[in-house]
>>> print(open('coords32.cif').read())   # mmCIF, C-alpha atoms and all ligand atoms
data_start
#
loop_
_atom_site.label_atom_id
_atom_site.label_comp_id
_atom_site.auth_asym_id
_atom_site.auth_seq_id
_atom_site.Cartn_x
_atom_site.Cartn_y
_atom_site.Cartn_z
CA MET A 3 -5.77 2.85 16.25
CA ASP A 4 -9.38 2.00 17.13
CA ARG A 5 -9.49 -0.80 14.59
CA LEU A 6 -8.54 -3.39 17.22
CA ASN A 7 -10.79 -4.24 20.15
CA GLY A 8 -7.91 -5.06 22.47
CA SER A 9 -4.15 -4.83 22.70
CA ALA A 10 -2.15 -5.44 19.55
CA ARG A 11 -0.33 -8.77 19.56
CA LEU A 12 2.55 -7.09 17.79
CA MET A 13 3.19 -3.48 16.91
CA ILE A 14 5.83 -3.02 14.24
CA VAL A 15 7.29 0.46 14.02
CA SER A 16 9.45 0.66 10.94
CA ASP A 17 11.44 3.23 9.09
CA LEU A 18 10.84 3.19 5.31
CA ASP A 19 13.88 4.11 3.18
CA SER A 20 16.52 1.38 3.40
CA THR A 21 14.54 -0.45 6.09
CA MET A 22 11.08 -1.36 4.82
CA VAL A 23 11.99 -0.30 1.29
CA ASP A 24 15.13 -1.63 -0.35
CA HIS A 25 16.04 0.79 -3.14
CA GLU A 26 18.53 -1.76 -4.42
CA ASP A 27 15.79 -4.33 -5.00
CA PRO A 28 13.79 -3.18 -8.05
CA GLU A 29 11.48 -6.20 -7.76
CA ASP A 30 10.70 -5.54 -4.08
CA VAL A 31 11.11 -9.22 -3.30
CA SER A 32 11.45 -8.93 0.46
CA LEU A 33 8.85 -6.16 0.82
CA LEU A 34 6.29 -8.36 -0.95
CA ARG A 35 7.28 -11.27 1.31
CA PHE A 36 6.61 -9.05 4.32
CA ASN A 37 3.28 -7.86 2.90
CA ALA A 38 1.98 -11.41 2.48
CA LEU A 39 3.18 -12.35 5.98
CA TRP A 40 1.54 -9.29 7.53
CA GLU A 41 -1.81 -9.65 5.77
CA ALA A 42 -2.04 -13.41 6.31
CA HIS A 43 -0.97 -13.55 9.95
CA TYR A 44 -0.89 -10.12 11.61
CA ARG A 45 -3.27 -7.58 10.09
CA HIS A 46 -6.29 -8.79 12.09
CA ASP A 47 -4.76 -8.33 15.53
CA SER A 48 -1.59 -6.25 15.18
CA LEU A 49 -0.57 -2.70 14.38
CA LEU A 50 1.68 -1.49 11.58
CA VAL A 51 3.36 1.87 12.06
CA PHE A 52 5.62 3.54 9.51
CA SER A 53 8.04 6.06 10.95
CA THR A 54 9.81 7.99 8.24
CA GLY A 55 11.92 11.10 7.78
CA ARG A 56 9.86 11.90 4.69
CA SER A 57 7.28 14.66 4.65
CA PRO A 58 3.64 13.68 3.95
CA ALA A 59 4.00 14.62 0.25
CA SER A 60 7.22 12.67 -0.18
CA TYR A 61 5.78 9.69 1.76
CA LYS A 62 2.76 9.64 -0.56
CA GLN A 63 5.11 9.70 -3.53
CA LEU A 64 6.97 6.65 -2.18
CA ARG A 65 3.67 4.82 -1.69
CA LYS A 66 2.96 5.30 -5.38
CA GLU A 67 6.34 3.92 -6.37
CA LYS A 68 6.58 0.94 -4.02
CA PRO A 69 4.13 -1.78 -2.95
CA LEU A 70 3.77 -0.47 0.60
CA LEU A 71 0.85 -1.63 2.73
CA THR A 72 -1.47 0.86 4.38
CA PRO A 73 -0.17 1.35 7.92
CA ASP A 74 -2.41 1.97 10.92
CA ILE A 75 -0.29 4.98 11.79
CA ALA A 76 2.15 7.06 9.72
CA VAL A 77 4.74 9.04 11.66
CA MET A 78 6.35 11.43 9.20
CA SER A 79 8.93 14.22 8.98
CA VAL A 80 11.17 12.60 11.64
CA GLY A 81 8.46 12.27 14.27
CA THR A 82 7.02 15.74 13.83
CA GLU A 83 3.78 14.67 12.12
CA ILE A 84 1.46 11.80 13.02
CA ALA A 85 -1.49 10.61 10.91
CA TYR A 86 -3.94 7.78 11.45
CA GLY A 87 -5.44 5.20 9.11
CA ASP A 88 -6.11 5.16 5.42
CA ALA A 89 -7.62 8.64 5.60
CA MET A 90 -4.42 9.91 7.26
CA LEU A 91 -6.21 11.89 9.97
CA VAL A 92 -3.74 14.33 11.46
CA ASP A 93 -2.96 14.28 15.18
CA ALA A 94 -3.41 17.97 15.94
CA GLY A 95 -2.60 17.41 19.62
CA TRP A 96 0.91 16.31 18.73
CA GLU A 97 1.47 19.36 16.55
CA GLU A 98 0.34 21.59 19.38
CA ILE A 99 2.78 19.94 21.82
CA LEU A 100 5.65 20.47 19.38
CA SER A 101 4.91 24.13 18.79
CA ARG A 102 5.97 25.02 22.33
CA LYS A 103 9.43 26.58 22.62
CA TRP A 104 9.82 26.35 18.86
CA ASN A 105 10.26 29.16 16.40
CA ARG A 106 10.96 28.17 12.84
CA ASP A 107 12.03 31.67 11.76
CA ILE A 108 14.80 31.78 14.37
CA VAL A 109 16.06 28.35 13.24
CA VAL A 110 16.14 29.52 9.61
CA GLU A 111 17.93 32.74 10.61
CA GLU A 112 20.63 30.99 12.68
CA THR A 113 21.26 28.12 10.26
CA ALA A 114 21.70 30.61 7.39
CA LYS A 115 24.93 31.71 9.10
CA PHE A 116 26.57 28.37 8.20
CA PRO A 117 27.52 28.25 4.51
CA GLU A 118 28.29 24.51 4.90
CA LEU A 119 24.59 23.82 5.48
CA ILE A 120 22.88 23.20 2.14
CA PRO A 121 19.09 23.48 2.51
CA GLN A 122 17.14 20.41 1.42
CA ALA A 123 14.33 20.68 -1.16
CA GLU A 124 11.16 22.60 -0.24
CA ILE A 125 9.15 19.33 -0.06
CA ASP A 126 11.29 18.27 2.94
CA GLN A 127 10.91 21.51 4.92
CA ARG A 128 8.04 21.23 7.38
CA PRO A 129 6.51 23.37 10.14
CA ALA A 130 8.52 21.59 12.85
CA LYS A 131 11.47 20.37 10.76
CA VAL A 132 14.20 22.39 9.07
CA SER A 133 16.52 20.17 7.01
CA PHE A 134 19.91 20.43 5.35
CA PHE A 135 22.68 18.43 3.79
CA VAL A 136 26.12 18.72 5.31
CA GLU A 137 29.38 16.88 4.85
CA LYS A 138 30.38 14.43 7.55
CA VAL A 139 33.61 16.28 8.41
CA ASN A 140 31.69 19.43 9.35
CA ALA A 141 28.66 17.84 10.99
CA GLN A 142 29.69 17.53 14.64
CA ARG A 143 31.21 21.02 14.88
CA ILE A 144 28.09 22.62 13.37
CA ILE A 145 25.78 20.60 15.63
CA ASP A 146 27.65 21.83 18.72
CA VAL A 147 27.82 25.50 17.77
CA LEU A 148 24.28 25.66 16.37
CA SER A 149 22.77 23.96 19.45
CA GLU A 150 24.40 26.51 21.68
CA ARG A 151 23.27 29.48 19.58
CA LEU A 152 19.66 28.28 19.36
CA GLU A 153 19.57 27.61 23.06
CA LYS A 154 20.80 31.12 23.72
CA ARG A 155 17.89 32.41 21.67
CA GLY A 156 15.47 30.58 23.94
CA LEU A 157 14.66 27.55 21.78
CA ASP A 158 14.49 23.97 23.00
CA ILE A 159 15.66 22.00 19.97
CA LYS A 160 17.36 18.79 18.88
CA ILE A 161 19.62 18.17 15.91
CA ILE A 162 19.73 14.78 14.22
CA TYR A 163 22.35 13.62 11.72
CA SER A 164 21.45 10.74 9.38
CA SER A 165 23.01 8.66 6.63
CA GLY A 166 26.23 10.66 6.82
CA THR A 167 24.55 13.52 4.97
CA ALA A 168 21.20 14.80 6.31
CA LEU A 169 20.88 17.22 9.21
CA ASP A 170 17.47 17.95 10.73
CA VAL A 171 16.67 20.65 13.29
CA LEU A 172 13.53 19.74 15.28
CA PRO A 173 11.77 20.78 18.50
CA ARG A 174 13.34 18.86 21.39
CA GLY A 175 10.09 16.99 22.06
CA ALA A 176 9.99 15.68 18.47
CA GLY A 177 11.86 12.81 16.82
CA LYS A 178 10.88 9.25 16.04
CA GLY A 179 11.46 8.07 19.61
CA GLN A 180 9.34 10.77 21.23
CA ALA A 181 6.56 10.19 18.72
CA LEU A 182 6.60 6.46 19.55
CA ALA A 183 6.58 7.19 23.30
CA TYR A 184 3.55 9.46 22.73
CA LEU A 185 1.73 6.72 20.78
CA LEU A 186 2.53 4.06 23.39
CA LYS A 187 1.22 6.33 26.12
CA LYS A 188 -1.96 6.90 24.15
CA LEU A 189 -2.46 3.17 23.64
CA GLU A 190 -1.83 2.55 27.30
CA SER A 191 -4.33 5.15 28.43
CA ASP A 192 -6.90 3.48 26.14
CA GLY A 193 -6.14 0.23 27.97
CA LYS A 194 -4.56 -1.28 24.84
CA PRO A 195 -0.79 -1.41 25.26
CA PRO A 196 0.73 -3.68 22.59
CA ALA A 197 1.87 -7.08 23.87
CA ASN A 198 5.12 -6.66 21.93
CA THR A 199 6.68 -3.83 19.97
CA LEU A 200 9.40 -4.25 17.36
CA VAL A 201 11.21 -1.17 16.07
CA CYS A 202 13.16 -1.36 12.81
CA GLY A 203 15.63 1.08 11.35
CA ASP A 204 18.87 1.74 9.51
CA SER A 205 20.10 5.28 10.16
CA GLY A 206 20.71 8.16 12.57
CA ASN A 207 17.14 9.36 12.84
CA ASP A 208 16.14 5.84 13.98
CA THR A 209 18.45 5.72 17.03
CA GLU A 210 15.76 7.14 19.30
CA LEU A 211 13.40 4.28 18.46
CA PHE A 212 15.86 1.87 20.03
CA SER A 213 16.00 3.82 23.29
CA ILE A 214 12.33 3.30 24.12
CA PRO A 215 12.17 0.94 27.12
CA GLU A 216 10.83 -2.58 26.61
CA VAL A 217 10.85 -2.60 22.83
CA TYR A 218 12.52 -5.18 20.64
CA GLY A 219 14.69 -3.66 17.95
CA VAL A 220 16.28 -4.65 14.68
CA MET A 221 18.98 -2.73 12.89
CA VAL A 222 18.87 -4.13 9.38
CA SER A 223 22.11 -5.60 7.98
CA ASN A 224 22.61 -2.56 5.77
CA ALA A 225 22.37 -0.12 8.73
CA GLN A 226 24.47 3.04 8.57
CA GLU A 227 27.66 3.43 10.54
CA GLU A 228 26.18 6.20 12.74
CA LEU A 229 23.42 3.86 14.03
CA LEU A 230 25.79 0.93 14.62
CA GLN A 231 28.22 3.21 16.43
CA TRP A 232 25.46 4.64 18.63
CA HIS A 233 24.34 1.10 19.45
CA LEU A 234 27.88 0.10 20.35
CA GLU A 235 28.22 3.05 22.71
CA ASN A 236 24.77 2.90 24.31
CA MET A 237 22.93 -0.38 23.86
CA LYS A 238 25.53 -3.06 23.33
CA SER A 239 24.42 -5.26 26.21
CA ASN A 240 20.67 -5.06 25.45
CA PRO A 241 19.68 -8.54 24.19
CA LYS A 242 16.42 -7.17 22.78
CA ILE A 243 18.26 -5.32 20.02
CA ILE A 244 19.91 -7.15 17.15
CA HIS A 245 21.83 -6.36 14.03
CA ALA A 246 20.18 -8.54 11.38
CA THR A 247 22.17 -10.58 8.91
CA GLN A 248 19.72 -9.68 6.15
CA ARG A 249 18.90 -6.46 4.36
CA CYS A 250 15.84 -4.30 4.87
CA THR A 251 12.47 -6.12 5.13
CA ALA A 252 14.19 -9.50 5.11
CA GLY A 253 15.95 -8.32 8.28
CA ILE A 254 12.59 -7.43 9.85
CA ILE A 255 11.23 -10.91 9.11
CA GLU A 256 14.47 -12.36 10.51
CA ALA A 257 13.94 -10.40 13.77
CA ILE A 258 10.33 -11.62 14.13
CA GLY A 259 11.74 -15.14 14.02
CA ARG A 260 14.74 -14.54 16.26
CA PHE A 261 12.65 -12.90 18.99
CA GLY A 262 9.81 -15.42 18.59
CA LEU A 263 7.23 -12.68 18.07
CA GLY A 264 4.90 -14.78 15.91
CA PRO A 265 4.77 -16.51 12.51
CA ASN A 266 7.79 -15.68 10.37
CA VAL A 267 7.22 -17.77 7.29
CA SER A 268 5.69 -15.67 4.57
CA PRO A 269 3.18 -17.34 2.26
CA ARG A 270 5.59 -16.22 -0.48
CA ASP A 271 8.28 -18.47 0.99
CA ILE A 272 6.12 -21.54 0.38
CA MET A 273 6.57 -22.58 -3.22
CA ASP A 274 4.86 -25.93 -2.99
CA PHE A 275 1.15 -25.53 -3.59
CA GLN A 276 0.69 -29.19 -2.75
CA LYS A 277 1.02 -28.07 0.85
CA TRP A 278 -1.80 -25.61 0.39
CA ASN A 279 -4.86 -27.61 1.25
CA GLY A 280 -7.11 -25.12 2.99
CA GLU A 281 -7.67 -27.40 5.93
CA ASN A 282 -8.13 -25.90 9.35
CA VAL A 283 -6.71 -22.56 8.40
CA ASN A 284 -8.44 -19.25 8.20
CA PRO A 285 -10.15 -17.60 5.22
CA VAL A 286 -7.80 -14.60 5.26
CA TYR A 287 -4.85 -16.91 4.76
CA GLU A 288 -6.66 -18.57 1.86
CA VAL A 289 -7.29 -15.23 0.16
CA VAL A 290 -3.62 -14.21 0.45
CA ASN A 291 -2.65 -17.58 -0.97
CA PHE A 292 -5.22 -17.47 -3.72
CA TYR A 293 -3.81 -14.21 -5.14
CA LEU A 294 -0.28 -15.49 -4.77
CA PHE A 295 -1.25 -18.55 -6.74
CA TYR A 296 -2.91 -16.26 -9.32
CA GLU A 297 0.35 -14.28 -9.74
CA ARG A 298 2.45 -17.41 -10.09
CA TRP A 299 -0.04 -18.99 -12.46
CA ARG A 300 0.04 -15.99 -14.79
CA CYS A 301 3.85 -15.84 -14.58
CA ALA A 302 3.99 -19.60 -15.27
CA GLN A 303 5.85 -20.14 -12.03
CA VAL A 304 3.47 -22.98 -11.32
CA GLN A 305 2.88 -25.73 -13.82
CA LYS A 306 -0.28 -25.64 -15.86
CA SER A 307 -2.01 -28.49 -14.20
CA GLU A 308 -5.66 -29.38 -14.14
CA HIS A 309 -4.98 -30.93 -10.76
CA TYR A 310 -4.29 -27.54 -9.13
CA LEU A 311 -7.42 -25.99 -10.55
CA GLN A 312 -9.61 -28.89 -9.49
CA LYS A 313 -8.10 -28.70 -6.05
CA LEU A 314 -8.87 -24.99 -5.81
CA LYS A 315 -12.44 -25.59 -6.92
CA SER A 316 -12.93 -28.37 -4.42
CA MET A 317 -11.37 -26.43 -1.56
CA PHE A 318 -13.91 -23.68 -1.86
CA TYR A 319 -16.84 -25.95 -2.57
CA PRO A 320 -19.80 -25.38 -2.45
CA LEU A 321 -19.68 -21.61 -2.47
CA CYS A 322 -17.10 -18.96 -3.00
CA SER A 323 -17.56 -15.85 -5.05
CA PHE A 324 -15.72 -12.66 -5.81
CA ILE A 325 -17.72 -9.45 -5.78
CA HIS A 326 -16.36 -6.66 -7.94
CA PRO A 327 -16.95 -3.07 -6.73
CA SER A 328 -19.45 -2.73 -9.59
CA GLY A 329 -21.51 -5.39 -7.87
CA THR A 330 -20.79 -8.14 -10.40
CA GLU A 331 -20.45 -11.48 -8.73
CA TRP A 332 -18.16 -14.20 -10.02
CA SER A 333 -18.26 -17.71 -8.66
CA ILE A 334 -14.95 -19.36 -7.88
CA HIS A 335 -15.68 -21.81 -10.71
CA GLN A 336 -16.04 -18.95 -13.23
CA CYS A 337 -12.85 -17.35 -11.93
CA ILE A 338 -10.90 -20.55 -12.21
CA ASP A 339 -12.18 -21.26 -15.70
CA THR A 340 -11.03 -17.78 -16.77
CA MET A 341 -7.71 -18.30 -15.03
CA GLU A 342 -7.05 -21.41 -17.03
CA ARG A 343 -6.63 -19.33 -20.19
CA LEU A 344 -4.32 -16.84 -18.49
CA HIS A 345 -1.58 -19.31 -17.63
CA GLY A 346 1.81 -17.81 -18.51
CA ASP A 347 0.41 -14.61 -20.09
CA ARG A 348 2.66 -12.53 -17.79
CA GLN A 349 5.66 -14.84 -18.01
CA GLY A 350 8.98 -12.97 -17.87
CA LYS A 351 7.13 -9.67 -17.34
CA GLN A 352 7.31 -7.68 -14.13
CA TYR A 353 3.96 -8.78 -12.77
CA LYS A 354 3.07 -8.81 -9.06
CA VAL A 355 -0.14 -9.21 -7.11
CA TRP A 356 -0.53 -8.31 -3.45
CA VAL A 357 -3.34 -7.61 -1.04
CA ASP A 358 -3.65 -4.78 1.46
CA ARG A 359 -6.05 -4.09 4.35
CA VAL A 360 -7.47 -7.60 4.44
CA SER A 361 -10.35 -7.96 6.89
CA SER A 362 -12.82 -10.75 7.48
CA ALA A 363 -16.14 -11.27 9.19
CA GLN A 364 -17.89 -14.52 9.86
CA ILE A 365 -21.42 -14.41 8.51
CA GLY A 366 -22.60 -17.94 9.23
CA SER A 367 -21.38 -21.34 10.15
CA GLY A 368 -18.33 -21.87 7.96
CA SER A 369 -19.10 -18.75 5.88
CA TRP A 370 -16.97 -15.64 5.76
CA LEU A 371 -16.87 -12.33 4.05
CA VAL A 372 -13.32 -11.22 3.32
CA LYS A 373 -12.56 -7.71 2.07
CA CYS A 374 -9.27 -6.44 0.72
CA ASN A 375 -7.59 -4.03 -1.64
CA LYS A 376 -6.15 -6.23 -4.34
CA TRP A 377 -3.22 -4.66 -6.15
CA GLU A 378 -1.65 -5.69 -9.43
CA SER A 379 1.47 -4.14 -10.86
CA PHE A 380 2.57 -4.78 -14.38
CA GLY A 381 5.74 -2.92 -15.35
CA ALA A 382 5.07 0.72 -14.48
CA GLU A 383 1.28 0.27 -14.37
CA ARG A 384 -0.65 -0.33 -11.19
CA TYR A 385 -4.26 -1.24 -10.50
CA CYS A 386 -6.22 -1.53 -7.31
CA CYS A 387 -9.54 -3.27 -6.93
CA LEU A 388 -11.56 -3.24 -3.73
CA THR A 389 -12.60 -6.84 -3.62
CA THR A 390 -15.11 -8.67 -1.49
CA ILE A 391 -14.94 -12.43 -1.36
CA LEU A 392 -17.68 -14.60 -0.02
CA ILE A 393 -16.24 -17.88 1.16
CA SER A 394 -18.01 -20.90 2.42
CA SER A 395 -15.92 -23.94 2.92
CA LYS A 396 -16.41 -27.28 4.52
CA PHE A 397 -12.92 -26.92 5.97
CA PHE A 398 -13.32 -23.73 7.92
CA VAL A 399 -14.21 -24.20 11.50
CA GLY A 400 -16.68 -21.49 12.42
C1 LIG B 501 14.46 11.75 4.94
C2 LIG B 501 13.86 13.13 4.75
C3 LIG B 501 14.92 14.20 4.95
C4 LIG B 501 15.63 13.98 6.28
C5 LIG B 501 16.20 12.58 6.34
C6 LIG B 501 16.88 12.27 7.64
O1 LIG B 501 15.32 11.43 3.92
O2 LIG B 501 13.31 13.25 3.47
O3 LIG B 501 14.34 15.48 4.94
O4 LIG B 501 16.64 14.93 6.46
O5 LIG B 501 15.14 11.65 6.17
O6 LIG B 501 16.05 12.42 8.74
MG MG B 502 16.16 4.87 6.58
#
>>> encode(input="coords32.cif", output="structure tokens")
Amino acid sequence: MDRLNGSARLMIVSDLDSTMVDHEDPEDVSLLRFNALWEAHYRHDSLLVFSTGRSPASYKQLRKEKPLLTPDIAVMSVGTEIAYGDAMLVDAGWEEILSRKWNRDIVVEETAKFPELIPQAEIDQRPAKVSFFVEKVNAQRIIDVLSERLEKRGLDIKIIYSSGTALDVLPRGAGKGQALAYLLKKLESDGKPPANTLVCGDSGNDTELFSIPEVYGVMVSNAQEELLQWHLENMKSNPKIIHATQRCTAGIIEAIGRFGLGPNVSPRDIMDFQKWNGENVNPVYEVVNFYLFYERWRCAQVQKSEHYLQKLKSMFYPLCSFIHPSGTEWSIHQCIDTMERLHGDRQGKQYKVWVDRVSSAQIGSGSWLVKCNKWESFGAERYCCLTTILISSKFFVG
């Protein structure tokens, strides 16, 4: 959270499964569109928060399977665990708050009296989250009776039903909404409240996100009935909440545009490299575009043309070099000469390139140092290279 000097221009708080991640899109088309948009236009002054029902272990598993960016904050286990940054530093204060009026053993004892409640896998059971599967027809009755019994035993709990199948028992102060309220309060007391916040979700455990005052909200087109129904009953007249026409991450990009929260054209949406001229734009944008061009070049989605390569060389004239973590330095001219031979070598293969955690620092007049994690996926294989790029261009205004 301390990465930014001032208030975030935009804070996106998004659920993962079926919101940021579309499990029906094996090529992750819209997630990769979002990634390029975020790194090119938002990373430097905005905050990305993932808010998932998954436990830390299951979240880490998803990050290995899908091209997810590194968020500034990860809220996991339905708002019961908060971790910061790449190192995932745990917010112990939040855990302490949740431990009040909570007793996991009593929850386990009382829930065991309902044979309809099927315990979820061990990986999804957490200190402040006890989770089950239950059929829709039984859900409401069990929620009512169980709430009453746990209350009688002195606990202050909440029960959340999601996706017509999952039932979570949590401390009352937990949940995605409460975790977001806690984070907003923290940012405010640091004097850095975000200028705008956009919450994004698809199912029951996301409803709370939409009740936080002031936030913009998008229910993706594929949202579950329980979320749409809740919205209809509680938030129908709130113009800051929309039901997108597009699925998952495409719906998030749609909301950025509809609410006018900032740029909403992903570099991946621009197919015409003729328009890419490096003039008066920033070095971060050029790096995102460079790797996009690299992917499309190797997949032969751009024509093999000497013109493009010359243009690239001239754009970064007189100096641009890539520094490998080993310390080896490659000039842009060497890179482009190597690239020439690689045209089409990944054609028809599942090959994607994306950048994460892009940051830049100006080191002189018109000279910049850009750092990023450059990822390549090729079928089931994945590589990451921490890359430093030294850029000096006549076009960049320092
Ligand atoms: C995620 C979690 C699961 C939880 C569900 C709904 O799928 O893995 O434990 O019940 O979200 O919150
Ligand atoms: Mg979801």
>>> residues_near_point(input="coords32.cif", point="(4.1, -19.0, -14.9)", cutoff="9 Å", atoms="only C-alpha atoms", output="JSON, numbers by chain")
{"A": [297, 298, 299, 300, 301, 302, 303, 304, 305, 306, 345, 346, 347, 348, 349, 350]}
>>> residues_near_ligand(input="coords32.cif", ligand="ligand MG 502 (chain B)", cutoff="9 Å", atoms="only C-alpha atoms and all ligand atoms", output="mmCIF file with C-alpha atoms, in the coordinates of the input")
data_model
loop_
_atom_site.group_PDB
_atom_site.id
_atom_site.type_symbol
_atom_site.label_atom_id
_atom_site.label_comp_id
_atom_site.auth_asym_id
_atom_site.auth_seq_id
_atom_site.Cartn_x
_atom_site.Cartn_y
_atom_site.Cartn_z
ATOM 1 C CA ASP A 17 11.440 3.230 9.090
ATOM 2 C CA LEU A 18 10.840 3.190 5.310
ATOM 3 C CA ASP A 19 13.880 4.110 3.180
ATOM 4 C CA SER A 20 16.520 1.380 3.400
ATOM 5 C CA THR A 21 14.540 -0.450 6.090
ATOM 6 C CA MET A 22 11.080 -1.360 4.820
ATOM 7 C CA VAL A 23 11.990 -0.300 1.290
ATOM 8 C CA THR A 54 9.810 7.990 8.240
ATOM 9 C CA GLY A 55 11.920 11.100 7.780
ATOM 10 C CA SER A 164 21.450 10.740 9.380
ATOM 11 C CA SER A 165 23.010 8.660 6.630
ATOM 12 C CA GLY A 203 15.630 1.080 11.350
ATOM 13 C CA ASP A 204 18.870 1.740 9.510
ATOM 14 C CA SER A 205 20.100 5.280 10.160
ATOM 15 C CA GLY A 206 20.710 8.160 12.570
ATOM 16 C CA ASN A 207 17.140 9.360 12.840
ATOM 17 C CA ASP A 208 16.140 5.840 13.980
ATOM 18 C CA ALA A 225 22.370 -0.120 8.730
ATOM 19 C CA GLN A 226 24.470 3.040 8.570
#
>>> residues_near_ligand(input="coords32.cif", ligand="ligand LIG 501 (chain B)", cutoff="9 Å", atoms="all atoms listed in the file", output="PyMOL selection string")
chain A and resi 19+54-57+60-61+78-80+122-123+125-128+131-135+162-165+167-171+205-208
>>> residues_around(input="coords32.cif", residues="Cys387 of chain A", least_positions_apart="6", cutoff="9 Å", atoms="all atoms listed in the file", output="list in words")
His326, Pro327, Cys374, Asn375, Lys376, Trp377 and Glu378 of chain A
>>> atom_distance(input="coords32.cif", atom1="atom CA of Met13 of chain A", atom2="atom CA of Pro196 of chain A")
6.2 Å
>>> closest_atom_pairs(input="coords32.cif", of="segment 201-254 of chain A", to="segment 176-180 of chain A", cutoff="7 Å", atoms="all atoms listed in the file", output="CSV")
residue,atom,partner,partner_atom,distance
A:Asp208,CA,A:Lys178,CA,6.6
A:Glu210,CA,A:Gly179,CA,4.4
A:Leu211,CA,A:Gly179,CA,4.4
A:Ile214,CA,A:Gly179,CA,6.6
>>> closest_residue(input="coords32.cif", among="A:Ile120, A:Leu185, A:Ala363, A:Leu172", to="Asn284 of chain A", atoms="only C-alpha atoms")
A:Ala363
>>> atom_distance(input="coords32.cif", atom1="atom CA of Gly95 of chain A", atom2="atom CA of Ser191 of chain A")
15.2 Å
>>> closest_residue(input="coords32.cif", among="A:Trp232, A:Tyr353, A:Tyr218, A:Trp104", to="Arg174 of chain A", atoms="only C-alpha atoms")
A:Trp104
>>> atom_distance(input="coords32.cif", atom1="atom CA of Val201 of chain A", atom2="atom CA of His233 of chain A")
13.7 Å
>>> residues_around(input="coords32.cif", residues="Leu71 of chain A", least_positions_apart="3", cutoff="10 Å", atoms="all atoms listed in the file", output="list in words")
Leu33, Leu34, Phe36, Asn37, Ala38, Trp40, Glu41, Leu50, Phe52, Arg65, Lys68, Asp74, Trp356, Val357, Asp358, Arg359 and Asn375 of chain A
>>> write_last_selection(input="coords32.cif", atoms="C-alpha atoms", output="JSON list (two decimals), in the coordinates of the input")
[["chain", "number", "residue", "atom", "x", "y", "z"],
["A", 33, "LEU", "CA", 8.85, -6.16, 0.82],
["A", 34, "LEU", "CA", 6.29, -8.36, -0.95],
["A", 36, "PHE", "CA", 6.61, -9.05, 4.32],
["A", 37, "ASN", "CA", 3.28, -7.86, 2.90],
["A", 38, "ALA", "CA", 1.98, -11.41, 2.48],
["A", 40, "TRP", "CA", 1.54, -9.29, 7.53],
["A", 41, "GLU", "CA", -1.81, -9.65, 5.77],
["A", 50, "LEU", "CA", 1.68, -1.49, 11.58],
["A", 52, "PHE", "CA", 5.62, 3.54, 9.51],
["A", 65, "ARG", "CA", 3.67, 4.82, -1.69],
["A", 68, "LYS", "CA", 6.58, 0.94, -4.02],
["A", 74, "ASP", "CA", -2.41, 1.97, 10.92],
["A", 356, "TRP", "CA", -0.53, -8.31, -3.45],
["A", 357, "VAL", "CA", -3.34, -7.61, -1.04],
["A", 358, "ASP", "CA", -3.65, -4.78, 1.46],
["A", 359, "ARG", "CA", -6.05, -4.09, 4.35],
["A", 375, "ASN", "CA", -7.59, -4.03, -1.64]]
